[in-house]
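Below you'll find the structure, written out as structure tokens, and then a few comments.
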Amino acid sequence: MATSLTLIATPCTAPRSSSSFALAPRLPPRCSNATAARRRAVRATTLQSDQEPAGSGDSGATTTKLSASTSVRQERWEGDLPIEGCLPPWLNGTYIRNGPGMWDVGEHAFHHLFDGYATLVRVSFRGGGGARATGAHRQIESEAYRAAVARGRPVLREFSHCPAPAKSLLHRFGDLVGLVTGAALTDNPNSAVLPLGDGRVMCLTETTKSSVLIDPDTLETVGRFRYTDRLGGMVQSAHPIVTDTEFLTLLPDLVRPGHLVVRMEAGSNERKVIGRVDCRGGPSPGWLHSFAVTEKYVVVPEMPLRYSSASLLTSELAPFYAFDWVPASGSYMHVMCKSTGKTVASVEVPPFMAIHFINAYEEEGDEAAVVVDCCEHYGDPAIIETLVLSRLRSLRGKDVLPNARVGRFRIPLDGSPFGELETALDPEEHGRGMDMCSINPARLGRKYRYAYACGARRPCNFPNTLTKIDLVEKKAKSWHEEGSVPSEPFFVARPGATDEDDGVVISIVSSDDGEGYALVLDATTFEEIARVRFPYGLPYGFHGCWIPATEE
Ligand SMILES: CC(=O)/C=C/C=C(C)/C=C/C1=C(C)CCCC1(C)C
Ligand SMILES: CC(/C=C/C=O)=C\C=C\C=O
Ligand SMILES: [Fe+2]
């Protein structure tokens with residue numbers, strides 16, 4: 001059983017003490033900004049790293065006291081963070097990362113990585129002469145989280161967890177209503193965190209009700225994001241595409257298999273339909289965690305891992321939780337014009353399995369096409385099972401991470417019925433592991449050269465490197481530290497930069513020896529330039545965002 005760490009009810013700024021954790025002198029002393037004052041760590045008063053496990057469940061193996069998949073319940077922590085190395089003078093702003101940091105509640109231990117209650121980690125950087133970093137860590141107070149803490153068990157349906165059916169007939173009727181209306185589904189927004197064009201910051205996952213606003217400074221949960229339209233639907237992409245002016249997302253239609261492509265203007269709460277794509281395979285839409293856009297088009301993927309209507313209606317788990325693997329139903333890619341809502345291409349493609357799309361762009365000329373890149377798992381849904389917590393905890397060091405690659409689709413725009421899928425670079429370049437990607441946002445929807453992702457240094461059971469992929473030279477550079485699990489490498493451009501890789505990459509690392517720190521890599525060289533340590537280990541998390549500081 002993995003240990004769970006509970007850091008509850010800590011004051012906003014907990015008592016400060018001298019740092020008692022090692023600051024490894026990995027970087028030249030002349031470059032260190034970690035003055036004595038800044039070395040002061042803020043220790044949460046209730047830190048109990050040797051606390052007994054909170055649940056018994058199926059999490060399996062014995063582990064070290066803190067690892068990436070150890071639950072850390074942190075109601076609120078804020079403090080100064082010591083910096084090792086040099087923050088670039090221009091790095092002024094806030095990085096926030098979302099993810100499932102709490103997989104145990106009461107006696108209940110969750111089964112899958114995607115089940116955990118949403119946990120935010122913030123690092124605010126002020127680079128240059130008076131460099132400073134402050135951090136924060138807080139649970140998102142979703143209805144699912146609050147109910148689970150109050151009852152000592154999950155009450156709503158999570159990714160791999162269905163609450164037991166009610167015993168009485170009357171309550172069974174209540175269950176049915178919950179299933180049909182979606183009220184029984186989680187609102188635990190543990191996937192992405194997105195600054196909207198109007199300054200609001202949204203966290204979300206794949207249920208529509210999971211869209212929640214947070215305060216980026218205090219990490220406080222502001223409240224549910226209420227869509228004022230009447231589009232309904234229970235499910236959404238966990239990765240809307242957000243720019244300064246708009247928010248684009250897909251709403252799978254589970255009744256009449258298809259997807260609504262919708263747009264919401266910055267400042268609005270009303271989504272408007274751009275168009276609808278009908279699914280080609282059945283019996284239901286393919287799982288849609290993320291999608292891609294080009295400058296003119298929205299690309300809607302349809303893969304053979306499909307929502308299981310039976311599971312959703314009965315609250316019983318399907319072979320892949322809420323999904324069925326239906327290879328015979330085929331794989332397709334659809335391309336919709338953003339301005340007309342017309343589907344301009346709908347092609348059959350080789351079988352694929354992708355959770356995250358990297359980017360897409362248009363190729364003009366005689367052979368006009370849309371090129372779409374994704375983290376592709378060789379058309380095998382086994383990656384879902386790889387992310388079961390007991391496997392993550394018990395198989396560390398075993399080479400059981402399924403192979404993945406940068407999959408590149410070419411979707412012809414001339415009416416041809418088939419699209420191609422090829423491997424964009426030799427997967428050995430990134431250890432045959434590939435997921436949790438980002439790009440320079442200035443290249444969104446345009447031809448691009450670099451992607452940042454988590455790759456593998458084998459043997460491993462989970463991606464354990466930060467990798468910069470050069471899609472032109474077909475090469476990769478990696479950062480790796482034994483026993484460390486880094487989260488998605490998030491690219492932040494230097495203000496005024498023109499080169500695509502002029503900036504830094506930020507990731508939060510959870511290490512086996514119980515450390516948690518934000519790592520800052522030079523995006524060009526992919527060398528470490530700074531790390532900023534938290535006073536205790538942090539659980540693994542998914543996706544991040546960057547909010548530039550406003551001029552003082
Ligand atoms: C964290 C991540 O990558 C994915 C999370 C997905 C979730 C929480 C999916 C939840 C769902 C249900 C609870 C039932 C309905 C279907 C579905 C949206 C998959
Ligand atoms: C951790 C993960 C997906 C997270 C969802 O947002 C996928 C990891 C895949 C491993 O290669
Ligand atoms: Fe994701």
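Here's how to read the names in the structure tokens: chain A, B, ... by the order shown, residue numbers from 1 in each chain, ligand numbers from 1 in the order shown.
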(Q) Residues contacting ligand 2 - anything with an atom at most 8 Å away, using only C-alpha atoms and all ligand atoms - can you give me those as a ChimeraX atom specification? (A) /A:113-114,191-192,238,289,355-356,377,383-384,386-387,401-404,433-436,454-455,462-463,542-543
Filtering to C-alpha atoms, could you give me those residues as a PDB file, in the first residue's frame?
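What landed in selection-v4.pdb:
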ATOM      1  CA  LEU A 113      -4.312   7.492 -11.894  1.00  0.00           C
ATOM      2  CA  PHE A 114      -7.163   9.474 -13.493  1.00  0.00           C
ATOM      3  CA  SER A 191      -6.897  17.413 -15.932  1.00  0.00           C
ATOM      4  CA  ALA A 192      -6.174  20.848 -17.355  1.00  0.00           C
ATOM      5  CA  ALA A 238     -10.485  17.886 -21.303  1.00  0.00           C
ATOM      6  CA  HIS A 289      -9.648  13.585 -24.436  1.00  0.00           C
ATOM      7  CA  ILE A 355      -4.902  10.602 -25.584  1.00  0.00           C
ATOM      8  CA  HIS A 356      -3.043  13.801 -26.485  1.00  0.00           C
ATOM      9  CA  HIS A 377       0.146   4.252 -28.671  1.00  0.00           C
ATOM     10  CA  ILE A 383      -1.825   2.349 -22.018  1.00  0.00           C
ATOM     11  CA  ILE A 384      -5.047   2.856 -20.032  1.00  0.00           C
ATOM     12  CA  THR A 386      -0.658   0.855 -17.511  1.00  0.00           C
ATOM     13  CA  LEU A 387      -1.954   3.829 -15.553  1.00  0.00           C
ATOM     14  CA  LEU A 401       5.560   1.015 -20.366  1.00  0.00           C
ATOM     15  CA  PRO A 402       3.938   0.248 -23.731  1.00  0.00           C
ATOM     16  CA  ASN A 403       5.672   1.710 -26.759  1.00  0.00           C
ATOM     17  CA  ALA A 404       4.478   5.032 -28.093  1.00  0.00           C
ATOM     18  CA  GLY A 433       7.726   6.530 -24.564  1.00  0.00           C
ATOM     19  CA  MET A 434       5.716   9.546 -25.659  1.00  0.00           C
ATOM     20  CA  ASP A 435       2.938  11.512 -23.981  1.00  0.00           C
ATOM     21  CA  MET A 436       2.094  14.731 -22.098  1.00  0.00           C
ATOM     22  CA  CYS A 454       7.586  13.016 -21.568  1.00  0.00           C
ATOM     23  CA  GLY A 455       9.603  10.173 -22.995  1.00  0.00           C
ATOM     24  CA  PHE A 462       5.862   5.319 -16.692  1.00  0.00           C
ATOM     25  CA  PRO A 463       7.360   8.129 -18.778  1.00  0.00           C
ATOM     26  CA  PHE A 542      -0.933  16.356 -15.481  1.00  0.00           C
ATOM     27  CA  HIS A 543      -1.110  19.713 -17.242  1.00  0.00           C
TER      28      HIS A 543
END
**Q.** Residue set, stretch 264-380 of chain A restricted to strand (DSSP E), as a PyMOL selection string
**A.** chain A and resi 264-265+272-278+292-293+297-302+305-307+323-325+331-337+343-349+354-363+369-376
For the residues selected in the previous step, produce a file with C-alpha atoms as a PDB file, in the first residue's frame.
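Output saved as part_18.pdb:
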ATOM      1  CA  MET A 264     -17.127  30.558 -26.756  1.00  0.00           C
ATOM      2  CA  GLU A 265     -15.825  34.113 -27.023  1.00  0.00           C
ATOM      3  CA  LYS A 272     -22.141  28.592 -29.830  1.00  0.00           C
ATOM      4  CA  VAL A 273     -22.232  25.693 -32.241  1.00  0.00           C
ATOM      5  CA  ILE A 274     -19.887  25.937 -35.225  1.00  0.00           C
ATOM      6  CA  GLY A 275     -21.008  22.616 -36.676  1.00  0.00           C
ATOM      7  CA  ARG A 276     -21.556  18.950 -36.096  1.00  0.00           C
ATOM      8  CA  VAL A 277     -19.523  15.958 -37.192  1.00  0.00           C
ATOM      9  CA  ASP A 278     -21.274  12.604 -37.457  1.00  0.00           C
ATOM     10  CA  ALA A 292      -6.267  19.583 -32.721  1.00  0.00           C
ATOM     11  CA  VAL A 293      -6.802  22.730 -34.758  1.00  0.00           C
ATOM     12  CA  TYR A 297      -9.899  23.872 -39.405  1.00  0.00           C
ATOM     13  CA  VAL A 298     -10.891  21.846 -36.364  1.00  0.00           C
ATOM     14  CA  VAL A 299      -9.732  18.221 -36.502  1.00  0.00           C
ATOM     15  CA  VAL A 300     -12.084  15.722 -34.846  1.00  0.00           C
ATOM     16  CA  PRO A 301     -10.544  12.305 -34.126  1.00  0.00           C
ATOM     17  CA  GLU A 302     -12.627   9.128 -33.960  1.00  0.00           C
ATOM     18  CA  LEU A 305     -11.854   3.191 -27.977  1.00  0.00           C
ATOM     19  CA  ARG A 306     -15.499   4.261 -27.727  1.00  0.00           C
ATOM     20  CA  TYR A 307     -17.735   5.538 -24.930  1.00  0.00           C
ATOM     21  CA  PHE A 323     -15.072   2.714 -22.736  1.00  0.00           C
ATOM     22  CA  ASP A 324     -15.142  -0.321 -25.032  1.00  0.00           C
ATOM     23  CA  TRP A 325     -12.383  -1.207 -27.454  1.00  0.00           C
ATOM     24  CA  SER A 331     -10.653   4.800 -37.050  1.00  0.00           C
ATOM     25  CA  TYR A 332     -11.432   8.110 -38.740  1.00  0.00           C
ATOM     26  CA  MET A 333     -10.352  11.719 -38.840  1.00  0.00           C
ATOM     27  CA  HIS A 334     -12.785  14.521 -39.639  1.00  0.00           C
ATOM     28  CA  VAL A 335     -11.863  18.068 -40.602  1.00  0.00           C
ATOM     29  CA  MET A 336     -14.324  20.914 -40.099  1.00  0.00           C
ATOM     30  CA  CYS A 337     -13.942  24.425 -41.434  1.00  0.00           C
ATOM     31  CA  THR A 343     -16.960  19.044 -42.796  1.00  0.00           C
ATOM     32  CA  VAL A 344     -14.353  19.321 -45.561  1.00  0.00           C
ATOM     33  CA  ALA A 345     -12.776  15.900 -45.076  1.00  0.00           C
ATOM     34  CA  SER A 346     -13.758  12.680 -43.345  1.00  0.00           C
ATOM     35  CA  VAL A 347     -11.276   9.891 -43.933  1.00  0.00           C
ATOM     36  CA  GLU A 348     -10.612   6.415 -42.658  1.00  0.00           C
ATOM     37  CA  VAL A 349      -7.162   6.066 -41.109  1.00  0.00           C
ATOM     38  CA  ALA A 354      -4.112   8.748 -28.770  1.00  0.00           C
ATOM     39  CA  ILE A 355      -4.902  10.602 -25.584  1.00  0.00           C
ATOM     40  CA  HIS A 356      -3.043  13.801 -26.485  1.00  0.00           C
ATOM     41  CA  PHE A 357      -2.823  15.622 -29.801  1.00  0.00           C
ATOM     42  CA  ILE A 358       0.302  17.714 -30.252  1.00  0.00           C
ATOM     43  CA  ASN A 359      -0.487  20.133 -33.076  1.00  0.00           C
ATOM     44  CA  ALA A 360      -1.826  20.315 -36.641  1.00  0.00           C
ATOM     45  CA  TYR A 361      -1.261  22.465 -39.705  1.00  0.00           C
ATOM     46  CA  GLU A 362      -2.337  22.909 -43.301  1.00  0.00           C
ATOM     47  CA  GLU A 363      -0.230  21.952 -46.285  1.00  0.00           C
ATOM     48  CA  ALA A 369      -3.713  18.174 -46.742  1.00  0.00           C
ATOM     49  CA  VAL A 370      -4.021  18.648 -43.034  1.00  0.00           C
ATOM     50  CA  VAL A 371      -1.127  17.225 -41.011  1.00  0.00           C
ATOM     51  CA  VAL A 372      -1.974  16.192 -37.461  1.00  0.00           C
ATOM     52  CA  ASP A 373       0.508  14.994 -34.848  1.00  0.00           C
ATOM     53  CA  CYS A 374      -0.295  13.053 -31.697  1.00  0.00           C
ATOM     54  CA  CYS A 375       1.245  10.881 -28.991  1.00  0.00           C
ATOM     55  CA  GLU A 376       0.227   7.571 -30.501  1.00  0.00           C
TER      56      GLU A 376
END
Within 7 Å of ligand 1, which residues of chain A show up? Give each one with its shortest atom-to-atom distance in Å (one decimal) and the two atoms involved, counting only C-alpha atoms and all ligand atoms, rows by chain then rising residue number, as a Markdown table.
| residue | atom | partner | partner_atom_place_in_ligand_line | distance |
| --- | --- | --- | --- | --- |
| A:Phe114 | CA | ligand 1 | 1 (C) | 4.3 |
| A:Asp115 | CA | ligand 1 | 8 (C) | 6.4 |
| A:Arg157 | CA | ligand 1 | 13 (C) | 4.9 |
| A:Glu158 | CA | ligand 1 | 13 (C) | 4.1 |
| A:Phe159 | CA | ligand 1 | 8 (C) | 4.3 |
| A:Leu185 | CA | ligand 1 | 13 (C) | 5.1 |
| A:Thr186 | CA | ligand 1 | 13 (C) | 5.5 |
| A:Asn190 | CA | ligand 1 | 1 (C) | 5.7 |
| A:Ser191 | CA | ligand 1 | 1 (C) | 4.6 |
| A:Thr205 | CA | ligand 1 | 5 (C) | 5.6 |
| A:Glu206 | CA | ligand 1 | 18 (C) | 4.7 |
| A:Thr207 | CA | ligand 1 | 18 (C) | 4.9 |
| A:Val235 | CA | ligand 1 | 18 (C) | 5.3 |
| A:His289 | CA | ligand 1 | 3 (O) | 6.9 |
| A:Tyr307 | CA | ligand 1 | 16 (C) | 7.0 |
| A:Leu312 | CA | ligand 1 | 15 (C) | 6.1 |
| A:Ala322 | CA | ligand 1 | 19 (C) | 5.2 |
With N, CA and C atoms kept, could you save the residues just selected as a PDB file, in the first residue's frame?
ATOM      1  N   PHE A 114      -6.240   8.406 -13.091  1.00  0.00           N
ATOM      2  CA  PHE A 114      -7.163   9.474 -13.493  1.00  0.00           C
ATOM      3  C   PHE A 114      -8.259   9.753 -12.462  1.00  0.00           C
ATOM      4  N   ASP A 115      -8.321   8.914 -11.394  1.00  0.00           N
ATOM      5  CA  ASP A 115      -9.401   9.072 -10.425  1.00  0.00           C
ATOM      6  C   ASP A 115      -9.149  10.146  -9.380  1.00  0.00           C
ATOM      7  N   ARG A 157     -19.329   9.265  -9.581  1.00  0.00           N
ATOM      8  CA  ARG A 157     -18.574   8.377 -10.470  1.00  0.00           C
ATOM      9  C   ARG A 157     -17.304   9.074 -10.947  1.00  0.00           C
ATOM     10  N   GLU A 158     -16.175   8.435 -10.740  1.00  0.00           N
ATOM     11  CA  GLU A 158     -14.895   8.949 -11.253  1.00  0.00           C
ATOM     12  C   GLU A 158     -14.495   8.102 -12.463  1.00  0.00           C
ATOM     13  N   PHE A 159     -13.305   8.345 -12.991  1.00  0.00           N
ATOM     14  CA  PHE A 159     -12.884   7.655 -14.220  1.00  0.00           C
ATOM     15  C   PHE A 159     -13.055   6.136 -14.124  1.00  0.00           C
ATOM     16  N   LEU A 185     -22.262  11.864 -12.132  1.00  0.00           N
ATOM     17  CA  LEU A 185     -20.872  11.924 -12.613  1.00  0.00           C
ATOM     18  C   LEU A 185     -20.050  12.921 -11.808  1.00  0.00           C
ATOM     19  N   THR A 186     -18.768  12.710 -11.822  1.00  0.00           N
ATOM     20  CA  THR A 186     -17.869  13.583 -11.073  1.00  0.00           C
ATOM     21  C   THR A 186     -17.799  14.987 -11.658  1.00  0.00           C
ATOM     22  N   ASN A 190      -9.656  17.413 -12.659  1.00  0.00           N
ATOM     23  CA  ASN A 190      -8.250  17.112 -12.371  1.00  0.00           C
ATOM     24  C   ASN A 190      -7.327  17.053 -13.594  1.00  0.00           C
ATOM     25  N   SER A 191      -7.774  17.546 -14.755  1.00  0.00           N
ATOM     26  CA  SER A 191      -6.897  17.413 -15.932  1.00  0.00           C
ATOM     27  C   SER A 191      -6.142  18.693 -16.267  1.00  0.00           C
ATOM     28  N   THR A 205     -12.046  18.620 -16.350  1.00  0.00           N
ATOM     29  CA  THR A 205     -11.774  17.315 -16.922  1.00  0.00           C
ATOM     30  C   THR A 205     -12.884  17.030 -17.940  1.00  0.00           C
ATOM     31  N   GLU A 206     -13.230  15.769 -18.112  1.00  0.00           N
ATOM     32  CA  GLU A 206     -14.064  15.430 -19.273  1.00  0.00           C
ATOM     33  C   GLU A 206     -15.571  15.475 -19.045  1.00  0.00           C
ATOM     34  N   THR A 207     -16.013  15.664 -17.815  1.00  0.00           N
ATOM     35  CA  THR A 207     -17.455  15.835 -17.637  1.00  0.00           C
ATOM     36  C   THR A 207     -17.741  17.329 -17.750  1.00  0.00           C
ATOM     37  N   VAL A 235     -20.538  15.330 -21.532  1.00  0.00           N
ATOM     38  CA  VAL A 235     -19.115  15.105 -21.734  1.00  0.00           C
ATOM     39  C   VAL A 235     -18.503  16.182 -22.625  1.00  0.00           C
ATOM     40  N   HIS A 289     -10.264  12.831 -25.538  1.00  0.00           N
ATOM     41  CA  HIS A 289      -9.648  13.585 -24.436  1.00  0.00           C
ATOM     42  C   HIS A 289      -9.152  14.927 -24.954  1.00  0.00           C
ATOM     43  N   TYR A 307     -16.932   5.419 -26.152  1.00  0.00           N
ATOM     44  CA  TYR A 307     -17.735   5.538 -24.930  1.00  0.00           C
ATOM     45  C   TYR A 307     -18.679   4.343 -24.871  1.00  0.00           C
ATOM     46  N   LEU A 312     -22.383   3.760 -19.063  1.00  0.00           N
ATOM     47  CA  LEU A 312     -22.885   5.047 -18.592  1.00  0.00           C
ATOM     48  C   LEU A 312     -24.320   4.942 -18.079  1.00  0.00           C
ATOM     49  N   ALA A 322     -15.080   3.475 -18.728  1.00  0.00           N
ATOM     50  CA  ALA A 322     -16.289   4.006 -19.380  1.00  0.00           C
ATOM     51  C   ALA A 322     -16.240   3.728 -20.872  1.00  0.00           C
TER      52      ALA A 322
END
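The interatomic distance for the pair atom CA of A:Gly496 and atom CA of A:Ile529 works out to 20.0 Å.
With only C-alpha atoms and all ligand atoms as the atoms that count, the minimum distance from ligand 3 to the choices A:Tyr321, A:Phe291, A:Tyr536, A:Phe418 is reached by A:Phe291.
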Q: Using only C-alpha atoms, determine which residues lie at most 12 Å from stretch 313-319 of chain A, disregarding the query and same-chain residues fewer than 5 positions distant; provide the list as an MDAnalysis selection string.
A: chainID A and resid 156:166 172 175:182 184:185 254:255 305:308 324:326 381:382 384:385
Can I get the selected residues back with N, CA and C atoms, as a JSON list (two decimals), in the first residue's frame?
[["chain", "number", "residue", "atom", "x", "y", "z"],
["A", 156, "LEU", "N", -19.45, 10.28, -6.09],
["A", 156, "LEU", "CA", -19.77, 10.43, -7.51],
["A", 156, "LEU", "C", -18.89, 9.50, -8.35],
["A", 157, "ARG", "N", -19.33, 9.27, -9.58],
["A", 157, "ARG", "CA", -18.57, 8.38, -10.47],
["A", 157, "ARG", "C", -17.30, 9.07, -10.95],
["A", 158, "GLU", "N", -16.18, 8.44, -10.74],
["A", 158, "GLU", "CA", -14.89, 8.95, -11.25],
["A", 158, "GLU", "C", -14.50, 8.10, -12.46],
["A", 159, "PHE", "N", -13.31, 8.34, -12.99],
["A", 159, "PHE", "CA", -12.88, 7.65, -14.22],
["A", 159, "PHE", "C", -13.05, 6.14, -14.12],
["A", 160, "SER", "N", -12.54, 5.53, -13.04],
["A", 160, "SER", "CA", -12.60, 4.07, -12.95],
["A", 160, "SER", "C", -13.47, 3.60, -11.79],
["A", 161, "HIS", "N", -14.15, 4.53, -11.17],
["A", 161, "HIS", "CA", -14.91, 4.16, -9.97],
["A", 161, "HIS", "C", -16.39, 4.47, -10.13],
["A", 162, "CYS", "N", -17.22, 3.42, -9.92],
["A", 162, "CYS", "CA", -18.67, 3.63, -9.90],
["A", 162, "CYS", "C", -19.15, 3.37, -8.47],
["A", 163, "PRO", "N", -19.82, 4.33, -7.86],
["A", 163, "PRO", "CA", -20.33, 4.07, -6.50],
["A", 163, "PRO", "C", -21.30, 2.88, -6.52],
["A", 164, "ALA", "N", -21.35, 2.15, -5.43],
["A", 164, "ALA", "CA", -22.23, 0.98, -5.35],
["A", 164, "ALA", "C", -23.68, 1.42, -5.50],
["A", 165, "PRO", "N", -24.51, 0.58, -6.14],
["A", 165, "PRO", "CA", -25.93, 0.96, -6.29],
["A", 165, "PRO", "C", -26.62, 1.05, -4.93],
["A", 166, "ALA", "N", -27.62, 1.89, -4.88],
["A", 166, "ALA", "CA", -28.36, 2.07, -3.62],
["A", 166, "ALA", "C", -29.08, 0.78, -3.26],
["A", 172, "ARG", "N", -32.69, 3.57, -5.50],
["A", 172, "ARG", "CA", -32.31, 3.07, -6.84],
["A", 172, "ARG", "C", -32.90, 3.98, -7.93],
["A", 175, "ASP", "N", -30.74, 6.83, -8.16],
["A", 175, "ASP", "CA", -29.53, 6.48, -8.93],
["A", 175, "ASP", "C", -29.78, 6.64, -10.43],
["A", 176, "LEU", "N", -30.96, 6.14, -10.84],
["A", 176, "LEU", "CA", -31.30, 6.17, -12.26],
["A", 176, "LEU", "C", -31.39, 7.61, -12.76],
["A", 177, "VAL", "N", -32.02, 8.44, -11.95],
["A", 177, "VAL", "CA", -32.14, 9.86, -12.32],
["A", 177, "VAL", "C", -30.73, 10.46, -12.43],
["A", 178, "GLY", "N", -29.88, 10.10, -11.48],
["A", 178, "GLY", "CA", -28.49, 10.60, -11.48],
["A", 178, "GLY", "C", -27.75, 10.20, -12.75],
["A", 179, "LEU", "N", -28.01, 8.97, -13.21],
["A", 179, "LEU", "CA", -27.33, 8.48, -14.41],
["A", 179, "LEU", "C", -27.83, 9.21, -15.65],
["A", 180, "VAL", "N", -29.13, 9.36, -15.73],
["A", 180, "VAL", "CA", -29.72, 9.96, -16.93],
["A", 180, "VAL", "C", -29.38, 11.45, -17.01],
["A", 181, "THR", "N", -29.38, 12.12, -15.88],
["A", 181, "THR", "CA", -29.14, 13.57, -15.91],
["A", 181, "THR", "C", -27.64, 13.90, -15.85],
["A", 182, "GLY", "N", -26.82, 12.94, -15.51],
["A", 182, "GLY", "CA", -25.39, 13.21, -15.38],
["A", 182, "GLY", "C", -25.02, 13.66, -13.97],
["A", 184, "ALA", "N", -24.83, 12.00, -11.40],
["A", 184, "ALA", "CA", -24.02, 11.00, -10.70],
["A", 184, "ALA", "C", -22.55, 11.05, -11.10],
["A", 185, "LEU", "N", -22.26, 11.86, -12.13],
["A", 185, "LEU", "CA", -20.87, 11.92, -12.61],
["A", 185, "LEU", "C", -20.05, 12.92, -11.81],
["A", 254, "LEU", "N", -23.47, 11.38, -27.26],
["A", 254, "LEU", "CA", -23.49, 9.94, -27.00],
["A", 254, "LEU", "C", -24.79, 9.29, -27.48],
["A", 255, "VAL", "N", -25.81, 10.10, -27.76],
["A", 255, "VAL", "CA", -27.10, 9.55, -28.16],
["A", 255, "VAL", "C", -27.13, 9.34, -29.68],
["A", 305, "LEU", "N", -11.51, 3.24, -29.40],
["A", 305, "LEU", "CA", -11.85, 3.19, -27.98],
["A", 305, "LEU", "C", -13.06, 4.11, -27.82],
["A", 306, "ARG", "N", -14.24, 3.51, -27.64],
["A", 306, "ARG", "CA", -15.50, 4.26, -27.73],
["A", 306, "ARG", "C", -16.23, 4.30, -26.39],
["A", 307, "TYR", "N", -16.93, 5.42, -26.15],
["A", 307, "TYR", "CA", -17.73, 5.54, -24.93],
["A", 307, "TYR", "C", -18.68, 4.34, -24.87],
["A", 308, "SER", "N", -18.82, 3.76, -23.69],
["A", 308, "SER", "CA", -19.70, 2.61, -23.52],
["A", 308, "SER", "C", -21.05, 3.10, -22.98],
["A", 324, "ASP", "N", -15.33, 1.00, -24.42],
["A", 324, "ASP", "CA", -15.14, -0.32, -25.03],
["A", 324, "ASP", "C", -14.13, -0.17, -26.15],
["A", 325, "TRP", "N", -13.32, -1.19, -26.32],
["A", 325, "TRP", "CA", -12.38, -1.21, -27.45],
["A", 325, "TRP", "C", -13.08, -1.95, -28.58],
["A", 326, "VAL", "N", -13.38, -1.22, -29.68],
["A", 326, "VAL", "CA", -14.15, -1.81, -30.78],
["A", 326, "VAL", "C", -13.35, -1.68, -32.07],
["A", 381, "PRO", "N", -5.03, 0.06, -26.71],
["A", 381, "PRO", "CA", -5.54, 0.76, -25.52],
["A", 381, "PRO", "C", -4.84, 0.35, -24.22],
["A", 382, "ALA", "N", -3.83, -0.54, -24.32],
["A", 382, "ALA", "CA", -3.16, -1.05, -23.10],
["A", 382, "ALA", "C", -2.62, 0.08, -22.23],
["A", 384, "ILE", "N", -4.07, 2.52, -21.09],
["A", 384, "ILE", "CA", -5.05, 2.86, -20.03],
["A", 384, "ILE", "C", -4.79, 1.99, -18.79],
["A", 385, "GLU", "N", -4.51, 0.70, -19.02],
["A", 385, "GLU", "CA", -4.28, -0.23, -17.93],
["A", 385, "GLU", "C", -2.92, 0.01, -17.27]]
Q | Near-A:Ser484 list (10 Å; only C-alpha atoms; drop same-chain fewer than 2 positions) as an MDAnalysis selection string | A | chainID A and resid 67:68 463:465 480:482 486:487 509:516
Q: Mind listing the helix (DSSP H, G or I) residues of stretch 200-369 of chain A, per DSSP on the backbone, as a PyMOL selection string?
A: chain A and resi 208-210+309-314+327-329
Write out, as an mmCIF file, in the first residue's frame, the residues just selected, with N, CA and C atoms.
data_model
loop_
_atom_site.group_PDB
_atom_site.id
_atom_site.type_symbol
_atom_site.label_atom_id
_atom_site.label_comp_id
_atom_site.auth_asym_id
_atom_site.auth_seq_id
_atom_site.Cartn_x
_atom_site.Cartn_y
_atom_site.Cartn_z
ATOM 1 N N THR A 208 -18.841 17.687 -18.371
ATOM 2 C CA THR A 208 -19.134 19.107 -18.592
ATOM 3 C C THR A 208 -19.232 19.836 -17.259
ATOM 4 N N LYS A 209 -19.796 19.144 -16.262
ATOM 5 C CA LYS A 209 -19.968 19.816 -14.979
ATOM 6 C C LYS A 209 -18.645 20.051 -14.242
ATOM 7 N N SER A 210 -17.556 19.514 -14.782
ATOM 8 C CA SER A 210 -16.274 19.681 -14.075
ATOM 9 C C SER A 210 -15.589 21.007 -14.392
ATOM 10 N N SER A 309 -22.061 3.091 -23.842
ATOM 11 C CA SER A 309 -23.374 3.565 -23.389
ATOM 12 C C SER A 309 -23.873 2.682 -22.252
ATOM 13 N N ALA A 310 -23.606 1.376 -22.356
ATOM 14 C CA ALA A 310 -24.083 0.464 -21.307
ATOM 15 C C ALA A 310 -23.473 0.853 -19.969
ATOM 16 N N SER A 311 -22.192 1.152 -19.967
ATOM 17 C CA SER A 311 -21.544 1.515 -18.713
ATOM 18 C C SER A 311 -22.133 2.813 -18.161
ATOM 19 N N LEU A 312 -22.383 3.760 -19.063
ATOM 20 C CA LEU A 312 -22.885 5.047 -18.592
ATOM 21 C C LEU A 312 -24.320 4.942 -18.079
ATOM 22 N N LEU A 313 -25.079 4.044 -18.670
ATOM 23 C CA LEU A 313 -26.488 3.937 -18.252
ATOM 24 C C LEU A 313 -26.692 3.044 -17.043
ATOM 25 N N THR A 314 -25.753 2.113 -16.829
ATOM 26 C CA THR A 314 -25.964 1.176 -15.723
ATOM 27 C C THR A 314 -25.037 1.447 -14.552
ATOM 28 N N PRO A 327 -12.303 -2.509 -32.239
ATOM 29 C CA PRO A 327 -11.429 -2.323 -33.398
ATOM 30 C C PRO A 327 -12.169 -2.411 -34.726
ATOM 31 N N ALA A 328 -13.205 -3.260 -34.773
ATOM 32 C CA ALA A 328 -13.924 -3.427 -36.050
ATOM 33 C C ALA A 328 -14.682 -2.166 -36.454
ATOM 34 N N SER A 329 -14.833 -1.236 -35.515
ATOM 35 C CA SER A 329 -15.616 -0.026 -35.838
ATOM 36 C C SER A 329 -14.795 0.989 -36.634
#
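Restricting the calculation to only C-alpha atoms, the smallest distance between A:Phe247 and any of A:Arg226, A:Glu270, A:Pro548, A:Gly232 is found for A:Glu270.
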Write out as a tab-separated table (two decimals) with C-alpha atoms, in the first residue's frame each polymer residue whose atoms come within 6 Å of A:Met202, counting only C-alpha atoms; drop sequence neighbours fewer than 3 positions from it.
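Output file selection_19.tsv follows:
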chain	number	residue	atom	x	y	z
A	193	VAL	CA	-5.81	24.42	-16.09
A	194	LEU	CA	-6.42	27.19	-18.61
A	212	VAL	CA	-14.50	25.15	-12.40
A	213	LEU	CA	-12.97	28.61	-11.93
